[in-house]
Amino acid sequence: MALPMLVSRQPPSGSTMKDPPTAPYSSSSSSDTTCRAPLSSSSASAFTSAISNEPFYSSLLNPPITFSFESEIKKAIRSCHTMANSIEGTSLHQKVKHCDGLAFMTVARGGFFLTGQVGQGLILFKDQDGCWSAPAAVGAIGGGIGLQGGGDITDYVLFFKTPDAQEAMKGGCQLAVGVSGGIAAGPVGRSGVWQYHWRLDTCDVGCVWAFSGSKGWYAGGALTLQLLCGLGWMNEQMYGKKREGGREGGNEGGMRLADILGGKVGPPLEAQELYKCLEGLTK
């Protein structure tokens, strides 16, 4: 299984490099390493300022569908803040610390007995040294059947607990089968999800557990089926078509999840605040 590569904490001595390299550095090049590429403080500060200056309603409800990678990063940061302030904070800190990866998903669902679901989010993997990969954008569509009714928008944080779960999520598409239940009344709600993920090209299987918060009017439980696929067009917004070594990837499906989560691209500047939030949750 390919693991994300470590990157140098500081640029080489005497260098004035301000932007991250095209590909991560090798961890063998220095004993002083950290889990992400050097960051431009001005770019990162501008992005953090943009988040803090958002309209108040932006933090109240994450949209399930967006059209930019930066918007997905903002949604993930809000989910991190929700976990940090949750009454389950201590338990969630331990889960983040010991998981092999996370997915931040915002999903809208609605219906009676039969419900439809659609949403988007980001996936990050963690290697054996505890270093986070660059985030990759994914989309989800599916439905559920059971004693349920209403509509809500739910922010999920999916925890990958095993290497098998990592392998299952590296495929271009995965089929997620599981059970869910929850209740939402206006701005307050909770949902629980337990899923098995099948990678369609290799049939790798991984088990996933989720923390979530909901907003809307919904109650019930259901058996669920979802199709999760990498959003190649959105990933190319952030990373371009570069492959390891500067080669161009000419496939029509866009940049593959395995390339991003496997360490073939460096972490983007815009994700600095997200990495800080994840570090805070693992302390």
# chains A, B, ... in the order shown; residues from 1 in each chain; ligands from 1
>>> residues_around(residues="stretch 218-227 of chain A", least_positions_apart="4", cutoff="10 Å", atoms="only C-alpha atoms", output="ChimeraX atom specification")
/A:109-118,139-153,173-186,189-198,200,214
>>> select_by_dssp(residues="stretch 49-266 of chain A", states="alpha helix (DSSP H)", output="JSON, numbers by chain")
{"A": [49, 50, 51, 52, 69, 70, 71, 72, 73, 74, 75, 76, 77, 78, 79, 80, 81, 82, 83, 84, 89, 90, 91, 92, 93, 94, 95, 96, 97, 98, 163, 164, 165, 166, 167, 168, 169, 232, 233, 234, 235, 236, 237, 238, 239, 257, 258, 259, 260, 261]}
>>> closest_residue(among="A:Pro187, A:Gly101, A:Gly216, A:Gly121", to="A:Met169", atoms="only C-alpha atoms")
A:Gly101
>>> atom_distance(atom1="atom CA of A:Thr154", atom2="atom CA of A:Cys229")
18.7 Å
>>> atom_distance(atom1="atom CA of A:Lys75", atom2="atom CA of A:Lys95")
19.7 Å
>>> atom_distance(atom1="atom CA of A:Glu273", atom2="atom CA of A:Ser79")
12.4 Å
>>> closest_residue(among="A:Cys99, A:Val138, A:Met238, A:Val188", to="A:Lys126", atoms="only C-alpha atoms")
A:Cys99
>>> residues_around(residues="stretch 256-261 of chain A", least_positions_apart="3", cutoff="6 Å", atoms="only C-alpha atoms", output="compact mmCIF listing (two decimals) with all heavy atoms, in the first residue's frame")
# COMPACT_ATOMS: atom_id res chain seq x y z
N SER A 133 -2.01 13.26 4.49
CA SER A 133 -1.82 13.46 3.06
C SER A 133 -2.48 14.76 2.62
O SER A 133 -3.15 15.44 3.40
CB SER A 133 -2.44 12.29 2.29
OG SER A 133 -3.87 12.36 2.36
N LYS A 170 -9.12 4.35 -1.96
CA LYS A 170 -8.20 4.82 -2.99
C LYS A 170 -8.72 4.59 -4.40
O LYS A 170 -8.17 5.11 -5.36
CB LYS A 170 -6.84 4.15 -2.83
CG LYS A 170 -5.98 4.75 -1.73
CD LYS A 170 -4.61 4.12 -1.73
CE LYS A 170 -3.73 4.74 -0.65
NZ LYS A 170 -2.39 4.14 -0.63
N LYS A 264 1.64 11.77 -4.06
CA LYS A 264 2.26 12.22 -5.30
C LYS A 264 2.08 13.72 -5.55
O LYS A 264 2.62 14.24 -6.52
CB LYS A 264 1.71 11.42 -6.48
CG LYS A 264 2.16 9.97 -6.46
CD LYS A 264 1.75 9.23 -7.73
CE LYS A 264 2.26 7.80 -7.71
NZ LYS A 264 1.90 7.07 -8.95
N VAL A 265 1.32 14.38 -4.71
CA VAL A 265 1.19 15.84 -4.78
C VAL A 265 1.40 16.40 -3.38
O VAL A 265 1.11 15.73 -2.38
CB VAL A 265 -0.19 16.27 -5.32
CG1 VAL A 265 -0.37 15.82 -6.75
CG2 VAL A 265 -1.32 15.74 -4.46
>>> select_by_dssp(residues="stretch 37-267 of chain A", states="strand (DSSP E)", output="JSON list (two decimals) with N, CA and C atoms, in the first residue's frame")
[["chain", "number", "residue", "atom", "x", "y", "z"],
["A", 101, "GLY", "N", -7.39, 7.58, 8.67],
["A", 101, "GLY", "CA", -7.84, 8.57, 7.70],
["A", 101, "GLY", "C", -9.19, 9.14, 8.09],
["A", 102, "LEU", "N", -9.54, 10.26, 7.45],
["A", 102, "LEU", "CA", -10.81, 10.94, 7.72],
["A", 102, "LEU", "C", -11.45, 11.35, 6.40],
["A", 103, "ALA", "N", -12.77, 11.38, 6.40],
["A", 103, "ALA", "CA", -13.53, 11.97, 5.30],
["A", 103, "ALA", "C", -14.52, 12.97, 5.90],
["A", 104, "PHE", "N", -14.52, 14.19, 5.39],
["A", 104, "PHE", "CA", -15.46, 15.22, 5.80],
["A", 104, "PHE", "C", -16.51, 15.33, 4.69],
["A", 105, "MET", "N", -17.73, 14.90, 4.99],
["A", 105, "MET", "CA", -18.79, 14.88, 3.98],
["A", 105, "MET", "C", -20.00, 15.69, 4.48],
["A", 106, "THR", "N", -20.60, 16.47, 3.58],
["A", 106, "THR", "CA", -21.88, 17.13, 3.85],
["A", 106, "THR", "C", -22.90, 16.54, 2.89],
["A", 107, "VAL", "N", -23.95, 15.93, 3.45],
["A", 107, "VAL", "CA", -24.92, 15.18, 2.65],
["A", 107, "VAL", "C", -26.33, 15.69, 2.94],
["A", 108, "ALA", "N", -27.08, 15.95, 1.88],
["A", 108, "ALA", "CA", -28.50, 16.29, 2.01],
["A", 108, "ALA", "C", -29.34, 15.06, 1.70],
["A", 109, "ARG", "N", -30.41, 14.84, 2.51],
["A", 109, "ARG", "CA", -31.30, 13.71, 2.27],
["A", 109, "ARG", "C", -32.73, 14.15, 2.51],
["A", 110, "GLY", "N", -33.65, 13.45, 1.86],
["A", 110, "GLY", "CA", -35.05, 13.79, 2.04],
["A", 110, "GLY", "C", -35.95, 12.72, 1.46],
["A", 111, "GLY", "N", -37.15, 12.60, 2.03],
["A", 111, "GLY", "CA", -38.12, 11.64, 1.56],
["A", 111, "GLY", "C", -38.87, 10.99, 2.71],
["A", 112, "PHE", "N", -39.76, 10.05, 2.37],
["A", 112, "PHE", "CA", -40.49, 9.27, 3.38],
["A", 112, "PHE", "C", -40.38, 7.80, 3.01],
["A", 113, "PHE", "N", -39.87, 7.02, 3.95],
["A", 113, "PHE", "CA", -39.59, 5.61, 3.77],
["A", 113, "PHE", "C", -38.45, 5.39, 2.77],
["A", 114, "LEU", "N", -38.57, 5.94, 1.58],
["A", 114, "LEU", "CA", -37.47, 5.94, 0.62],
["A", 114, "LEU", "C", -36.87, 7.35, 0.56],
["A", 115, "THR", "N", -35.58, 7.47, 0.79],
["A", 115, "THR", "CA", -34.94, 8.79, 0.78],
["A", 115, "THR", "C", -33.81, 8.81, -0.24],
["A", 116, "GLY", "N", -33.57, 9.99, -0.80],
["A", 116, "GLY", "CA", -32.43, 10.21, -1.68],
["A", 116, "GLY", "C", -31.37, 11.01, -0.95],
["A", 117, "GLN", "N", -30.10, 10.81, -1.33],
["A", 117, "GLN", "CA", -28.98, 11.48, -0.69],
["A", 117, "GLN", "C", -28.00, 11.97, -1.74],
["A", 118, "VAL", "N", -27.43, 13.15, -1.51],
["A", 118, "VAL", "CA", -26.40, 13.68, -2.39],
["A", 118, "VAL", "C", -25.50, 14.61, -1.58],
["A", 119, "GLY", "N", -24.21, 14.60, -1.88],
["A", 119, "GLY", "CA", -23.30, 15.46, -1.15],
["A", 119, "GLY", "C", -21.88, 15.40, -1.66],
["A", 120, "GLN", "N", -21.00, 16.17, -1.03],
["A", 120, "GLN", "CA", -19.58, 16.26, -1.39],
["A", 120, "GLN", "C", -18.74, 16.38, -0.13],
["A", 121, "GLY", "N", -17.43, 16.22, -0.31],
["A", 121, "GLY", "CA", -16.53, 16.39, 0.82],
["A", 121, "GLY", "C", -15.09, 16.13, 0.46],
["A", 122, "LEU", "N", -14.25, 15.99, 1.50],
["A", 122, "LEU", "CA", -12.81, 15.77, 1.35],
["A", 122, "LEU", "C", -12.38, 14.52, 2.10],
["A", 123, "ILE", "N", -11.35, 13.86, 1.58],
["A", 123, "ILE", "CA", -10.73, 12.72, 2.24],
["A", 123, "ILE", "C", -9.26, 13.04, 2.48],
["A", 124, "LEU", "N", -8.76, 12.67, 3.65],
["A", 124, "LEU", "CA", -7.33, 12.73, 3.96],
["A", 124, "LEU", "C", -6.91, 11.41, 4.59],
["A", 125, "PHE", "N", -5.71, 10.95, 4.27],
["A", 125, "PHE", "CA", -5.16, 9.74, 4.87],
["A", 125, "PHE", "C", -4.01, 10.11, 5.81],
["A", 136, "ALA", "N", -8.32, 15.16, -0.86],
["A", 136, "ALA", "CA", -8.91, 14.86, -2.17],
["A", 136, "ALA", "C", -10.41, 15.05, -2.09],
["A", 137, "ALA", "N", -11.00, 15.63, -3.14],
["A", 137, "ALA", "CA", -12.43, 15.89, -3.17],
["A", 137, "ALA", "C", -13.18, 14.68, -3.71],
["A", 138, "VAL", "N", -14.30, 14.35, -3.05],
["A", 138, "VAL", "CA", -15.15, 13.23, -3.47],
["A", 138, "VAL", "C", -16.61, 13.67, -3.45],
["A", 139, "GLY", "N", -17.43, 12.99, -4.24],
["A", 139, "GLY", "CA", -18.87, 13.23, -4.25],
["A", 139, "GLY", "C", -19.61, 11.95, -3.91],
["A", 140, "ALA", "N", -20.83, 12.07, -3.40],
["A", 140, "ALA", "CA", -21.62, 10.91, -3.00],
["A", 140, "ALA", "C", -23.06, 11.08, -3.48],
["A", 141, "ILE", "N", -23.65, 9.97, -3.91],
["A", 141, "ILE", "CA", -25.06, 9.94, -4.28],
["A", 141, "ILE", "C", -25.60, 8.58, -3.89],
["A", 142, "GLY", "N", -26.83, 8.54, -3.38],
["A", 142, "GLY", "CA", -27.39, 7.26, -2.95],
["A", 142, "GLY", "C", -28.78, 7.43, -2.39],
["A", 143, "GLY", "N", -29.16, 6.49, -1.53],
["A", 143, "GLY", "CA", -30.49, 6.52, -0.95],
["A", 143, "GLY", "C", -30.58, 5.56, 0.21],
["A", 144, "GLY", "N", -31.77, 5.51, 0.81],
["A", 144, "GLY", "CA", -32.00, 4.64, 1.95],
["A", 144, "GLY", "C", -33.45, 4.20, 2.00],
["A", 145, "ILE", "N", -33.68, 3.09, 2.69],
["A", 145, "ILE", "CA", -35.04, 2.58, 2.87],
["A", 145, "ILE", "C", -35.20, 2.16, 4.32],
["A", 146, "GLY", "N", -36.32, 2.59, 4.93],
["A", 146, "GLY", "CA", -36.57, 2.27, 6.32],
["A", 146, "GLY", "C", -37.66, 3.14, 6.90],
["A", 147, "LEU", "N", -37.82, 3.06, 8.21],
["A", 147, "LEU", "CA", -38.81, 3.88, 8.92],
["A", 147, "LEU", "C", -38.22, 5.26, 9.15],
["A", 148, "GLN", "N", -38.40, 6.13, 8.19],
["A", 148, "GLN", "CA", -37.78, 7.45, 8.22],
["A", 148, "GLN", "C", -38.63, 8.43, 7.44],
["A", 149, "GLY", "N", -38.44, 9.71, 7.75],
["A", 149, "GLY", "CA", -39.17, 10.73, 7.01],
["A", 149, "GLY", "C", -38.65, 12.11, 7.32],
["A", 150, "GLY", "N", -38.76, 13.01, 6.34],
["A", 150, "GLY", "CA", -38.32, 14.38, 6.51],
["A", 150, "GLY", "C", -37.15, 14.71, 5.61],
["A", 151, "GLY", "N", -36.44, 15.76, 5.98],
["A", 151, "GLY", "CA", -35.27, 16.18, 5.22],
["A", 151, "GLY", "C", -34.28, 16.89, 6.12],
["A", 152, "ASP", "N", -33.00, 16.70, 5.86],
["A", 152, "ASP", "CA", -31.97, 17.39, 6.64],
["A", 152, "ASP", "C", -30.68, 17.46, 5.85],
["A", 153, "ILE", "N", -29.76, 18.26, 6.37],
["A", 153, "ILE", "CA", -28.39, 18.34, 5.84],
["A", 153, "ILE", "C", -27.46, 17.95, 6.98],
["A", 154, "THR", "N", -26.62, 16.95, 6.73],
["A", 154, "THR", "CA", -25.78, 16.38, 7.78],
["A", 154, "THR", "C", -24.31, 16.51, 7.42],
["A", 155, "ASP", "N", -23.53, 16.98, 8.38],
["A", 155, "ASP", "CA", -22.07, 17.01, 8.26],
["A", 155, "ASP", "C", -21.51, 15.76, 8.92],
["A", 156, "TYR", "N", -20.91, 14.88, 8.11],
["A", 156, "TYR", "CA", -20.32, 13.65, 8.61],
["A", 156, "TYR", "C", -18.80, 13.78, 8.67],
["A", 157, "VAL", "N", -18.22, 13.17, 9.70],
["A", 157, "VAL", "CA", -16.78, 12.93, 9.74],
["A", 157, "VAL", "C", -16.61, 11.41, 9.82],
["A", 158, "LEU", "N", -16.14, 10.82, 8.73],
["A", 158, "LEU", "CA", -15.97, 9.37, 8.66],
["A", 158, "LEU", "C", -14.56, 9.00, 9.12],
["A", 159, "PHE", "N", -14.47, 8.02, 10.00],
["A", 159, "PHE", "CA", -13.18, 7.56, 10.53],
["A", 159, "PHE", "C", -12.81, 6.24, 9.88],
["A", 160, "PHE", "N", -11.64, 6.22, 9.22],
["A", 160, "PHE", "CA", -11.12, 4.97, 8.66],
["A", 160, "PHE", "C", -10.17, 4.37, 9.69],
["A", 173, "CYS", "N", -14.01, 4.83, -7.50],
["A", 173, "CYS", "CA", -15.37, 4.80, -6.96],
["A", 173, "CYS", "C", -15.47, 3.69, -5.92],
["A", 174, "GLN", "N", -16.30, 3.93, -4.92],
["A", 174, "GLN", "CA", -16.56, 2.94, -3.87],
["A", 174, "GLN", "C", -18.06, 2.83, -3.66],
["A", 175, "LEU", "N", -18.48, 1.63, -3.31],
["A", 175, "LEU", "CA", -19.88, 1.40, -2.96],
["A", 175, "LEU", "C", -19.95, 1.27, -1.45],
["A", 176, "ALA", "N", -20.77, 2.10, -0.81],
["A", 176, "ALA", "CA", -20.89, 2.11, 0.65],
["A", 176, "ALA", "C", -22.27, 1.57, 1.05],
["A", 177, "VAL", "N", -22.26, 0.49, 1.82],
["A", 177, "VAL", "CA", -23.48, -0.13, 2.31],
["A", 177, "VAL", "C", -23.47, -0.07, 3.82],
["A", 178, "GLY", "N", -24.58, 0.38, 4.42],
["A", 178, "GLY", "CA", -24.58, 0.48, 5.88],
["A", 178, "GLY", "C", -25.94, 0.77, 6.46],
["A", 179, "VAL", "N", -25.92, 1.21, 7.71],
["A", 179, "VAL", "CA", -27.15, 1.58, 8.41],
["A", 179, "VAL", "C", -26.96, 2.97, 9.00],
["A", 180, "SER", "N", -28.05, 3.72, 9.06],
["A", 180, "SER", "CA", -28.00, 5.06, 9.63],
["A", 180, "SER", "C", -29.27, 5.31, 10.43],
["A", 181, "GLY", "N", -29.15, 6.22, 11.37],
["A", 181, "GLY", "CA", -30.31, 6.63, 12.15],
["A", 181, "GLY", "C", -30.05, 8.00, 12.72],
["A", 182, "GLY", "N", -31.12, 8.76, 12.92],
["A", 182, "GLY", "CA", -30.91, 10.09, 13.46],
["A", 182, "GLY", "C", -32.20, 10.84, 13.66],
["A", 183, "ILE", "N", -32.04, 12.02, 14.25],
["A", 183, "ILE", "CA", -33.17, 12.91, 14.47],
["A", 183, "ILE", "C", -32.66, 14.34, 14.37],
["A", 184, "ALA", "N", -33.44, 15.20, 13.72],
["A", 184, "ALA", "CA", -33.08, 16.60, 13.59],
["A", 184, "ALA", "C", -34.33, 17.44, 13.75],
["A", 185, "ALA", "N", -34.19, 18.52, 14.52],
["A", 185, "ALA", "CA", -35.30, 19.46, 14.73],
["A", 185, "ALA", "C", -34.73, 20.87, 14.62],
["A", 186, "GLY", "N", -34.90, 21.46, 13.45],
["A", 186, "GLY", "CA", -34.34, 22.78, 13.21],
["A", 186, "GLY", "C", -32.83, 22.75, 13.20],
["A", 188, "VAL", "N", -30.74, 21.76, 15.43],
["A", 188, "VAL", "CA", -30.13, 20.76, 16.31],
["A", 188, "VAL", "C", -30.49, 19.37, 15.83],
["A", 189, "GLY", "N", -29.49, 18.51, 15.73],
["A", 189, "GLY", "CA", -29.75, 17.14, 15.32],
["A", 189, "GLY", "C", -28.50, 16.30, 15.35],
["A", 190, "ARG", "N", -28.69, 14.99, 15.44],
["A", 190, "ARG", "CA", -27.57, 14.05, 15.40],
["A", 190, "ARG", "C", -27.95, 12.86, 14.55],
["A", 191, "SER", "N", -26.94, 12.30, 13.89],
["A", 191, "SER", "CA", -27.12, 11.09, 13.09],
["A", 191, "SER", "C", -25.96, 10.15, 13.37],
["A", 192, "GLY", "N", -26.23, 8.87, 13.27],
["A", 192, "GLY", "CA", -25.18, 7.86, 13.41],
["A", 192, "GLY", "C", -25.10, 7.02, 12.15],
["A", 193, "VAL", "N", -23.89, 6.69, 11.74],
["A", 193, "VAL", "CA", -23.69, 5.92, 10.51],
["A", 193, "VAL", "C", -22.62, 4.87, 10.74],
["A", 194, "TRP", "N", -22.87, 3.68, 10.22],
["A", 194, "TRP", "CA", -21.87, 2.60, 10.18],
["A", 194, "TRP", "C", -21.92, 2.00, 8.79],
["A", 195, "GLN", "N", -20.77, 1.94, 8.11],
["A", 195, "GLN", "CA", -20.76, 1.53, 6.71],
["A", 195, "GLN", "C", -19.62, 0.56, 6.41],
["A", 196, "TYR", "N", -19.85, -0.26, 5.39],
["A", 196, "TYR", "CA", -18.79, -1.01, 4.73],
["A", 196, "TYR", "C", -18.57, -0.39, 3.36],
["A", 197, "HIS", "N", -17.30, -0.16, 3.00],
["A", 197, "HIS", "CA", -16.97, 0.42, 1.71],
["A", 197, "HIS", "C", -16.29, -0.63, 0.83],
["A", 198, "TRP", "N", -16.84, -0.81, -0.37],
["A", 198, "TRP", "CA", -16.26, -1.71, -1.37],
["A", 198, "TRP", "C", -15.62, -0.89, -2.48],
["A", 199, "ARG", "N", -14.34, -1.11, -2.71],
["A", 199, "ARG", "CA", -13.66, -0.50, -3.86],
["A", 199, "ARG", "C", -14.02, -1.31, -5.10],
["A", 205, "VAL", "N", -12.37, -4.12, 0.89],
["A", 205, "VAL", "CA", -13.48, -3.79, 1.77],
["A", 205, "VAL", "C", -12.94, -3.14, 3.04],
["A", 206, "GLY", "N", -13.57, -2.08, 3.50],
["A", 206, "GLY", "CA", -13.18, -1.43, 4.73],
["A", 206, "GLY", "C", -14.39, -0.97, 5.52],
["A", 207, "CYS", "N", -14.27, -0.99, 6.85],
["A", 207, "CYS", "CA", -15.36, -0.59, 7.74],
["A", 207, "CYS", "C", -15.14, 0.85, 8.19],
["A", 208, "VAL", "N", -16.21, 1.64, 8.21],
["A", 208, "VAL", "CA", -16.13, 3.06, 8.53],
["A", 208, "VAL", "C", -17.18, 3.41, 9.58],
["A", 209, "TRP", "N", -16.78, 4.26, 10.55],
["A", 209, "TRP", "CA", -17.70, 4.78, 11.57],
["A", 209, "TRP", "C", -17.72, 6.30, 11.43],
["A", 210, "ALA", "N", -18.83, 6.94, 11.79],
["A", 210, "ALA", "CA", -18.96, 8.38, 11.56],
["A", 210, "ALA", "C", -19.47, 9.12, 12.78],
["A", 211, "PHE", "N", -18.96, 10.36, 12.94],
["A", 211, "PHE", "CA", -19.51, 11.37, 13.85],
["A", 211, "PHE", "C", -20.26, 12.37, 12.98],
["A", 212, "SER", "N", -21.39, 12.87, 13.47],
["A", 212, "SER", "CA", -22.17, 13.76, 12.61],
["A", 212, "SER", "C", -23.02, 14.73, 13.41],
["A", 213, "GLY", "N", -23.43, 15.80, 12.73],
["A", 213, "GLY", "CA", -24.38, 16.76, 13.24],
["A", 213, "GLY", "C", -25.34, 17.14, 12.13],
["A", 214, "SER", "N", -26.63, 17.26, 12.44],
["A", 214, "SER", "CA", -27.65, 17.49, 11.41],
["A", 214, "SER", "C", -28.44, 18.77, 11.67],
["A", 215, "LYS", "N", -28.99, 19.31, 10.59],
["A", 215, "LYS", "CA", -29.90, 20.46, 10.66],
["A", 215, "LYS", "C", -31.06, 20.21, 9.70],
["A", 216, "GLY", "N", -32.28, 20.42, 10.16],
["A", 216, "GLY", "CA", -33.45, 20.19, 9.33],
["A", 216, "GLY", "C", -34.58, 19.59, 10.14],
["A", 217, "TRP", "N", -35.44, 18.83, 9.48],
["A", 217, "TRP", "CA", -36.55, 18.15, 10.14],
["A", 217, "TRP", "C", -36.58, 16.71, 9.64],
["A", 218, "TYR", "N", -36.10, 15.81, 10.49],
["A", 218, "TYR", "CA", -35.95, 14.42, 10.07],
["A", 218, "TYR", "C", -35.96, 13.53, 11.31],
["A", 219, "ALA", "N", -36.47, 12.29, 11.14],
["A", 219, "ALA", "CA", -36.39, 11.29, 12.20],
["A", 219, "ALA", "C", -36.51, 9.91, 11.56],
["A", 220, "GLY", "N", -35.76, 8.95, 12.11],
["A", 220, "GLY", "CA", -35.88, 7.58, 11.63],
["A", 220, "GLY", "C", -34.56, 6.87, 11.49],
["A", 221, "GLY", "N", -34.63, 5.66, 10.94],
["A", 221, "GLY", "CA", -33.46, 4.84, 10.67],
["A", 221, "GLY", "C", -33.64, 4.11, 9.36],
["A", 222, "ALA", "N", -32.54, 3.72, 8.72],
["A", 222, "ALA", "CA", -32.65, 3.14, 7.39],
["A", 222, "ALA", "C", -31.42, 2.31, 7.04],
["A", 223, "LEU", "N", -31.59, 1.42, 6.09],
["A", 223, "LEU", "CA", -30.49, 0.78, 5.39],
["A", 223, "LEU", "C", -30.10, 1.69, 4.24],
["A", 224, "THR", "N", -28.81, 1.93, 4.05],
["A", 224, "THR", "CA", -28.38, 2.91, 3.06],
["A", 224, "THR", "C", -27.43, 2.29, 2.03],
["A", 225, "LEU", "N", -27.45, 2.88, 0.86],
["A", 225, "LEU", "CA", -26.55, 2.49, -0.23],
["A", 225, "LEU", "C", -26.06, 3.77, -0.90],
["A", 226, "GLN", "N", -24.74, 3.95, -0.97],
["A", 226, "GLN", "CA", -24.16, 5.15, -1.57],
["A", 226, "GLN", "C", -23.05, 4.79, -2.54],
["A", 227, "LEU", "N", -22.89, 5.62, -3.55],
["A", 227, "LEU", "CA", -21.77, 5.54, -4.48],
["A", 227, "LEU", "C", -20.90, 6.77, -4.27],
["A", 228, "LEU", "N", -19.63, 6.55, -3.90],
["A", 228, "LEU", "CA", -18.68, 7.63, -3.68],
["A", 228, "LEU", "C", -17.64, 7.60, -4.79],
["A", 229, "CYS", "N", -17.40, 8.74, -5.42],
["A", 229, "CYS", "CA", -16.43, 8.82, -6.50],
["A", 229, "CYS", "C", -15.59, 10.08, -6.34],
["A", 230, "GLY", "N", -14.33, 10.00, -6.76],
["A", 230, "GLY", "CA", -13.48, 11.17, -6.76],
["A", 230, "GLY", "C", -13.97, 12.22, -7.74]]
>>> closest_residue(among="A:Glu70, A:Ser86, A:Pro267, A:His81", to="A:Gly280", atoms="only C-alpha atoms")
A:His81
>>> closest_residue(among="A:His93, A:Lys74, A:Lys276, A:His98", to="A:Thr162", atoms="only C-alpha atoms")
A:His98
